[in-house]
>>> print(open('work36.csv').read())   # CSV, C-alpha atoms
chain,number,residue,atom,x,y,z
A,13,MET,CA,16.0,18.5,3.8
A,14,THR,CA,13.3,20.2,1.9
A,15,PRO,CA,11.1,17.8,-0.1
A,16,PRO,CA,10.7,18.3,-3.9
A,17,ASP,CA,8.0,20.5,-5.2
A,18,ARG,CA,4.5,19.3,-4.6
A,19,HIS,CA,3.5,16.6,-7.2
A,20,GLU,CA,0.2,15.7,-8.6
A,21,LEU,CA,-1.2,12.3,-9.7
A,22,ILE,CA,0.0,11.5,-13.2
A,23,THR,CA,-2.2,11.6,-16.2
A,24,PRO,CA,-3.4,9.6,-18.0
A,25,LEU,CA,-3.8,7.1,-15.1
A,26,GLU,CA,-5.6,3.8,-15.9
A,27,ARG,CA,-4.2,1.2,-13.5
A,28,ALA,CA,-2.8,1.3,-10.0
A,29,LEU,CA,-1.2,-1.5,-7.8
A,30,VAL,CA,-1.1,-1.3,-4.0
A,31,ILE,CA,1.7,-3.3,-2.5
A,32,VAL,CA,1.7,-3.7,1.3
A,33,SER,CA,2.8,-6.0,4.0
A,34,HIS,CA,-0.3,-7.0,5.9
A,35,PRO,CA,-4.1,-7.2,5.4
A,36,ASP,CA,-5.3,-3.7,6.6
A,37,ASP,CA,-2.1,-1.8,5.6
A,38,ALA,CA,-3.6,-0.6,2.4
A,39,GLU,CA,-6.7,0.7,4.2
A,40,PHE,CA,-4.8,2.4,7.1
A,41,GLY,CA,-2.3,3.9,4.6
A,42,ALA,CA,-4.5,5.0,1.7
A,43,ALA,CA,-8.2,3.7,1.9
A,44,SER,CA,-9.8,7.0,1.0
A,45,THR,CA,-7.3,7.7,-1.8
A,46,ILE,CA,-7.9,4.2,-3.2
A,47,ALA,CA,-11.7,4.9,-3.1
A,48,ALA,CA,-11.1,8.1,-5.0
A,49,LEU,CA,-9.1,6.3,-7.7
A,50,THR,CA,-11.7,3.6,-8.2
A,51,ALA,CA,-14.5,6.3,-8.3
A,52,ARG,CA,-12.6,7.7,-11.3
A,53,GLY,CA,-12.7,4.4,-13.1
A,54,ILE,CA,-9.1,3.5,-12.4
A,55,SER,CA,-8.4,-0.2,-12.0
A,56,VAL,CA,-6.8,-1.0,-8.6
A,57,GLU,CA,-5.4,-4.3,-7.4
A,58,TYR,CA,-3.5,-5.3,-4.3
A,59,VAL,CA,-0.4,-7.4,-3.5
A,60,VAL,CA,-0.1,-8.3,0.2
A,61,THR,CA,3.3,-9.7,1.0
A,62,THR,CA,2.8,-11.5,4.3
A,63,ASP,CA,0.2,-13.9,5.7
A,64,GLY,CA,-0.9,-11.6,8.6
A,65,SER,CA,-0.6,-14.5,11.0
A,66,LYS,CA,1.0,-12.5,14.0
A,67,GLY,CA,-1.4,-9.5,14.3
A,68,THR,CA,-3.2,-10.4,17.6
A,69,GLU,CA,-2.9,-10.0,21.3
A,70,ASP,CA,-4.5,-13.3,21.9
A,71,PRO,CA,-1.8,-15.9,22.6
A,72,GLU,CA,-4.3,-18.7,22.1
A,73,MET,CA,-5.2,-17.7,18.5
A,74,PRO,CA,-3.9,-20.3,16.0
A,75,PRO,CA,-1.8,-18.5,13.4
A,76,GLN,CA,-3.5,-20.3,10.5
A,77,GLU,CA,-7.0,-19.2,11.8
A,78,LEU,CA,-5.8,-15.6,12.2
A,79,SER,CA,-4.4,-15.6,8.7
A,80,ALA,CA,-7.6,-16.9,7.2
A,81,THR,CA,-9.6,-14.4,9.1
A,82,ARG,CA,-7.5,-11.5,7.9
A,83,VAL,CA,-7.5,-12.7,4.3
A,84,ALA,CA,-11.3,-12.6,4.4
A,85,GLU,CA,-11.3,-9.2,6.1
A,86,GLN,CA,-9.0,-7.9,3.4
A,87,ARG,CA,-11.4,-9.1,0.7
A,88,ASP,CA,-14.3,-7.4,2.4
A,89,ALA,CA,-12.4,-4.1,2.7
A,90,ALA,CA,-11.3,-4.2,-0.9
A,91,ASP,CA,-14.8,-4.8,-2.1
A,92,ILE,CA,-16.0,-1.7,-0.2
A,93,LEU,CA,-13.3,0.3,-2.0
A,94,GLY,CA,-13.9,-1.2,-5.5
A,95,VAL,CA,-10.6,-3.0,-5.6
A,96,GLY,CA,-10.2,-6.0,-8.0
A,97,GLU,CA,-7.8,-8.8,-7.6
A,98,ILE,CA,-5.8,-9.4,-4.4
A,99,VAL,CA,-2.6,-11.4,-4.5
A,100,HIS,CA,-1.4,-12.8,-1.2
A,101,LEU,CA,2.3,-13.8,-1.4
A,102,GLY,CA,2.1,-15.6,1.9
A,103,TYR,CA,5.5,-14.7,3.4
A,104,PRO,CA,5.5,-15.3,7.2
A,105,ASP,CA,4.3,-12.2,9.1
A,106,GLY,CA,6.9,-10.5,11.2
A,107,TYR,CA,9.9,-12.1,9.5
A,108,LEU,CA,10.0,-10.3,6.2
A,109,VAL,CA,13.2,-9.2,4.6
A,110,PRO,CA,13.8,-7.5,1.3
A,111,SER,CA,15.2,-10.6,-0.3
A,112,LEU,CA,15.7,-11.3,-4.0
A,113,ASP,CA,12.8,-13.8,-3.8
A,114,LEU,CA,10.5,-11.1,-2.5
A,115,ARG,CA,11.7,-8.7,-5.2
A,116,ARG,CA,11.1,-11.3,-7.9
A,117,ASP,CA,7.6,-12.0,-6.6
A,118,ILE,CA,6.8,-8.3,-6.7
A,119,VAL,CA,8.3,-7.9,-10.1
A,120,ARG,CA,6.0,-10.7,-11.3
A,121,GLN,CA,2.9,-8.9,-10.2
A,122,ILE,CA,4.0,-5.5,-11.6
A,123,ARG,CA,4.6,-7.2,-15.0
A,124,ARG,CA,1.2,-9.0,-14.7
A,125,PHE,CA,-0.9,-5.9,-13.7
A,126,ARG,CA,1.2,-3.3,-15.6
A,127,PRO,CA,0.3,-0.4,-13.4
A,128,ASP,CA,0.8,3.3,-14.1
A,129,LEU,CA,0.9,4.0,-10.4
A,130,VAL,CA,2.2,1.9,-7.5
A,131,ILE,CA,1.3,2.7,-3.9
A,132,THR,CA,3.6,1.1,-1.3
A,133,GLN,CA,5.1,1.6,2.2
A,134,ASN,CA,8.0,3.8,3.3
A,135,PRO,CA,11.2,1.8,3.3
A,136,GLN,CA,12.9,4.1,5.8
A,137,ARG,CA,12.5,3.9,9.6
A,138,ARG,CA,11.0,7.0,11.0
A,139,LEU,CA,13.0,8.9,13.7
A,140,ASP,CA,10.7,11.9,14.2
A,141,PHE,CA,9.3,10.6,17.5
A,142,ASN,CA,6.2,9.4,15.7
A,143,PRO,CA,4.9,6.3,17.6
A,144,TYR,CA,4.7,4.4,14.4
A,145,ILE,CA,8.4,4.0,14.0
A,146,GLY,CA,8.1,1.4,11.3
A,147,HIS,CA,7.1,-2.3,11.3
A,148,PRO,CA,10.1,-4.3,9.9
A,149,ASP,CA,7.7,-5.9,7.4
A,150,HIS,CA,6.6,-2.5,6.2
A,151,LEU,CA,10.3,-1.4,5.7
A,152,ALA,CA,11.0,-4.7,3.8
A,153,THR,CA,8.0,-4.4,1.6
A,154,GLY,CA,8.8,-0.8,0.7
A,155,GLU,CA,12.4,-1.5,-0.1
A,156,ALA,CA,11.6,-4.6,-2.2
A,157,THR,CA,8.9,-2.8,-4.1
A,158,LEU,CA,11.1,0.2,-5.0
A,159,ALA,CA,13.8,-2.2,-6.1
A,160,ALA,CA,11.2,-4.1,-8.2
A,161,VAL,CA,9.9,-0.9,-9.7
A,162,TYR,CA,13.4,0.3,-10.6
A,163,PRO,CA,15.2,-1.3,-12.3
A,164,ALA,CA,13.9,-4.9,-12.1
A,165,ALA,CA,10.4,-4.7,-13.6
A,166,ARG,CA,11.5,-2.6,-16.6
A,167,ASP,CA,14.5,-4.7,-17.8
A,168,HIS,CA,14.4,-8.1,-19.6
A,169,LEU,CA,17.6,-9.3,-17.9
A,170,ASN,CA,16.4,-8.9,-14.4
A,171,PHE,CA,14.8,-12.2,-13.4
A,172,PRO,CA,14.9,-13.3,-17.1
A,173,GLU,CA,12.8,-16.4,-16.2
A,174,LEU,CA,9.8,-14.2,-15.8
A,175,TRP,CA,10.2,-13.1,-19.4
A,176,ARG,CA,11.4,-16.3,-20.9
A,177,ASP,CA,9.3,-18.9,-19.0
A,178,GLU,CA,6.2,-16.9,-17.9
A,179,LYS,CA,6.0,-14.5,-20.9
A,180,LEU,CA,5.8,-11.5,-18.6
A,181,GLU,CA,7.1,-8.6,-20.6
A,182,PRO,CA,9.0,-5.8,-18.8
A,183,TRP,CA,7.0,-2.8,-17.5
A,184,LYS,CA,7.9,0.7,-16.5
A,185,VAL,CA,5.9,2.2,-13.6
A,186,ARG,CA,5.4,5.9,-14.0
A,187,GLN,CA,4.7,7.1,-10.5
A,188,VAL,CA,5.2,5.7,-6.9
A,189,LEU,CA,3.4,6.9,-3.8
A,190,LEU,CA,4.9,6.1,-0.4
A,191,THR,CA,2.8,6.0,2.7
A,192,GLY,CA,3.9,6.8,6.2
A,193,VAL,CA,6.7,9.3,5.3
A,194,GLU,CA,8.2,12.1,7.3
A,195,GLU,CA,8.4,14.6,4.5
A,196,PRO,CA,5.5,14.2,2.0
A,197,ASN,CA,5.3,16.2,-1.2
A,198,LEU,CA,1.8,15.2,-2.3
A,199,TRP,CA,-1.4,15.9,-0.3
A,200,LEU,CA,-4.7,14.5,-1.7
A,201,ASP,CA,-8.1,15.8,-0.7
A,202,ILE,CA,-10.1,12.9,0.7
A,203,ALA,CA,-13.2,14.7,2.0
A,204,ASP,CA,-15.5,13.1,-0.6
A,205,THR,CA,-14.2,9.5,0.1
A,206,PHE,CA,-13.3,9.7,3.8
A,207,GLU,CA,-16.4,7.8,5.0
A,208,ILE,CA,-16.0,5.0,2.6
A,209,GLY,CA,-12.4,4.7,3.7
A,210,ILE,CA,-13.5,4.4,7.3
A,211,ARG,CA,-16.0,1.7,6.2
A,212,ALA,CA,-13.1,-0.2,4.6
A,213,ILE,CA,-11.0,0.1,7.7
A,214,LEU,CA,-13.9,-1.2,9.9
A,215,ALA,CA,-14.0,-4.3,7.7
A,216,HIS,CA,-10.8,-5.4,9.5
A,217,VAL,CA,-12.9,-6.5,12.5
A,218,SER,CA,-10.0,-8.5,14.1
A,219,GLN,CA,-7.7,-5.4,14.1
A,220,VAL,CA,-9.7,-2.3,15.0
A,221,ASP,CA,-11.7,-0.7,17.8
A,222,PRO,CA,-14.9,0.4,16.0
A,223,GLU,CA,-15.6,2.9,18.8
A,224,THR,CA,-12.4,4.9,18.3
A,225,VAL,CA,-11.0,4.3,14.8
A,226,GLY,CA,-13.2,6.7,12.9
A,227,GLU,CA,-12.5,9.8,15.0
A,228,ARG,CA,-8.8,8.9,15.2
A,229,MET,CA,-8.5,8.7,11.4
A,230,ARG,CA,-10.5,11.9,11.0
A,231,GLU,CA,-8.2,13.7,13.3
A,232,ARG,CA,-5.2,12.4,11.5
A,233,ALA,CA,-6.6,13.5,8.1
A,234,ARG,CA,-7.4,16.9,9.5
A,235,LEU,CA,-3.9,17.4,10.9
A,236,ILE,CA,-2.4,16.4,7.6
A,237,GLY,CA,-4.8,18.5,5.5
A,238,GLU,CA,-5.2,21.8,7.3
A,239,PRO,CA,-1.6,23.1,6.9
A,240,GLN,CA,-2.1,22.6,3.1
A,241,GLY,CA,-5.5,24.4,3.1
A,242,ILE,CA,-7.3,21.0,2.7
A,243,GLY,CA,-10.0,19.9,5.2
A,244,LEU,CA,-9.2,16.2,5.2
A,245,ALA,CA,-6.1,14.8,3.4
A,246,GLN,CA,-3.8,11.9,3.0
A,247,ALA,CA,-0.1,12.6,2.4
A,248,PHE,CA,2.5,10.7,0.4
A,249,ALA,CA,6.0,11.0,-1.0
A,250,SER,CA,5.5,11.1,-4.7
A,251,ILE,CA,8.2,9.8,-7.0
A,252,ILE,CA,7.7,10.5,-10.7
A,253,LEU,CA,9.6,8.1,-13.0
A,254,GLU,CA,8.8,9.6,-16.3
>>> encode(input="work36.csv", output="structure tokens")
Amino acid sequence: MTPPDRHELITPLERALVIVSHPDDAEFGAASTIAALTARGISVEYVVTTDGSKGTEDPEMPPQELSATRVAEQRDAADILGVGEIVHLGYPDGYLVPSLDLRRDIVRQIRRFRPDLVITQNPQRRLDFNPYIGHPDHLATGEATLAAVYPAARDHLNFPELWRDEKLEPWKVRQVLLTGVEEPNLWLDIADTFEIGIRAILAHVSQVDPETVGERMRERARLIGEPQGIGLAQAFASIILE
């Protein structure tokens, strides 16, 4: 299937919300793009759906300690990128499903932050022999976020308690970018913000090898960008909702 015509970022664009599963997912999926947004004066906030308590090869690591470490690392990374508030929903790492509870919790944040743009994860499992076949938490977050964007966040009668009891008015997101897709239709030049993106990834000390991650991410950005005539790029599936 041929993807739609190449999209661009919408204008005007004032607020963006990044909704991901784990501390570090935002940075690995879109750090340099996020840095480019904040450099333009765009307000960016995060929603992290799980507690990040499973991401270690150390069987002796207490889950609560790992979660606290990763929450702190996420704040450090976000500060490097110029991101504002981070909402941690705290669902158990590794067990996430696209439940109605998760959808409601994401709708709540969309209505709070009222973003023009949402960046989230691909809800479809990849079958293109890519080694990153899709963490189930990523799939669940992507599915719940898309369901929250449309139609739940925009309609009064979806989760009416949010409108009635919490005074959160409906909100219509204008564009969604999906990370980790097989067939992107939007390629963004990240040459100017690549290094700051790597600095943000390196803030996730418990998750990365500082000796290899920079070159690995550079090679990925080069392979994505060069076919499009871009030196370094990040690629997304862009969905315009206007």
>>> closest_atom_pairs(input="work36.csv", of="stretch 44-146 of chain A", to="stretch 200-220 of chain A", cutoff="6 Å", atoms="all atoms listed in the file", output="CSV")
residue,atom,partner,partner_atom,distance
A:Ser44,CA,A:Gly209,CA,4.4
A:Glu85,CA,A:His216,CA,5.1
A:Ala89,CA,A:Ala212,CA,4.4
A:Ile92,CA,A:Ala212,CA,5.8
>>> closest_residue(input="work36.csv", among="A:Ala42, A:Ala152, A:Val193, A:Val59", to="A:Arg120", atoms="all atoms listed in the file")
A:Val59
>>> atom_distance(input="work36.csv", atom1="atom CA of A:Phe125", atom2="atom CA of A:Ala28")
8.3 Å
>>> residues_near_point(input="work36.csv", point="(3.0, -12.1, -20.5)", cutoff="12 Å", atoms="all atoms listed in the file", output="PyMOL selection string")
chain A and resi 120-126+173-183
>>> residues_near_point(input="work36.csv", point="(6.8, -15.2, 5.7)", cutoff="10 Å", atoms="all atoms listed in the file", output="list in words")
Thr61, Thr62, Asp63, Gly64, Ser65, Leu101, Gly102, Tyr103, Pro104, Asp105, Gly106, Tyr107, Leu108, Val109, Leu114 and Asp149 of chain A
>>> residues_around(input="work36.csv", residues="stretch 251-254 of chain A", least_positions_apart="2", cutoff="10 Å", atoms="only C-alpha atoms", output="list in words")
Pro16, His19, Glu20, Leu21, Ile22, Leu129, Val130, Val161, Tyr162, Lys184, Val185, Arg186, Gln187, Val188, Leu189, Leu190, Asn197, Leu198, Phe248 and Ala249 of chain A
>>> atom_distance(input="work36.csv", atom1="atom CA of A:Val30", atom2="atom CA of A:Thr132")
5.9 Å
>>> closest_residue(input="work36.csv", among="A:Arg115, A:Asn134, A:Gly243, A:Val56", to="A:Pro196", atoms="all atoms listed in the file")
A:Asn134
>>> residues_around(input="work36.csv", residues="A:Val83", least_positions_apart="4", cutoff="7 Å", atoms="all atoms listed in the file", output="PDB file with C-alpha atoms, in the coordinates of the input")
ATOM      1  CA  PRO A  35      -4.100  -7.200   5.400  1.00  0.00           C
ATOM      2  CA  SER A  79      -4.400 -15.600   8.700  1.00  0.00           C
ATOM      3  CA  ARG A  87     -11.400  -9.100   0.700  1.00  0.00           C
TER       4      ARG A  87
END
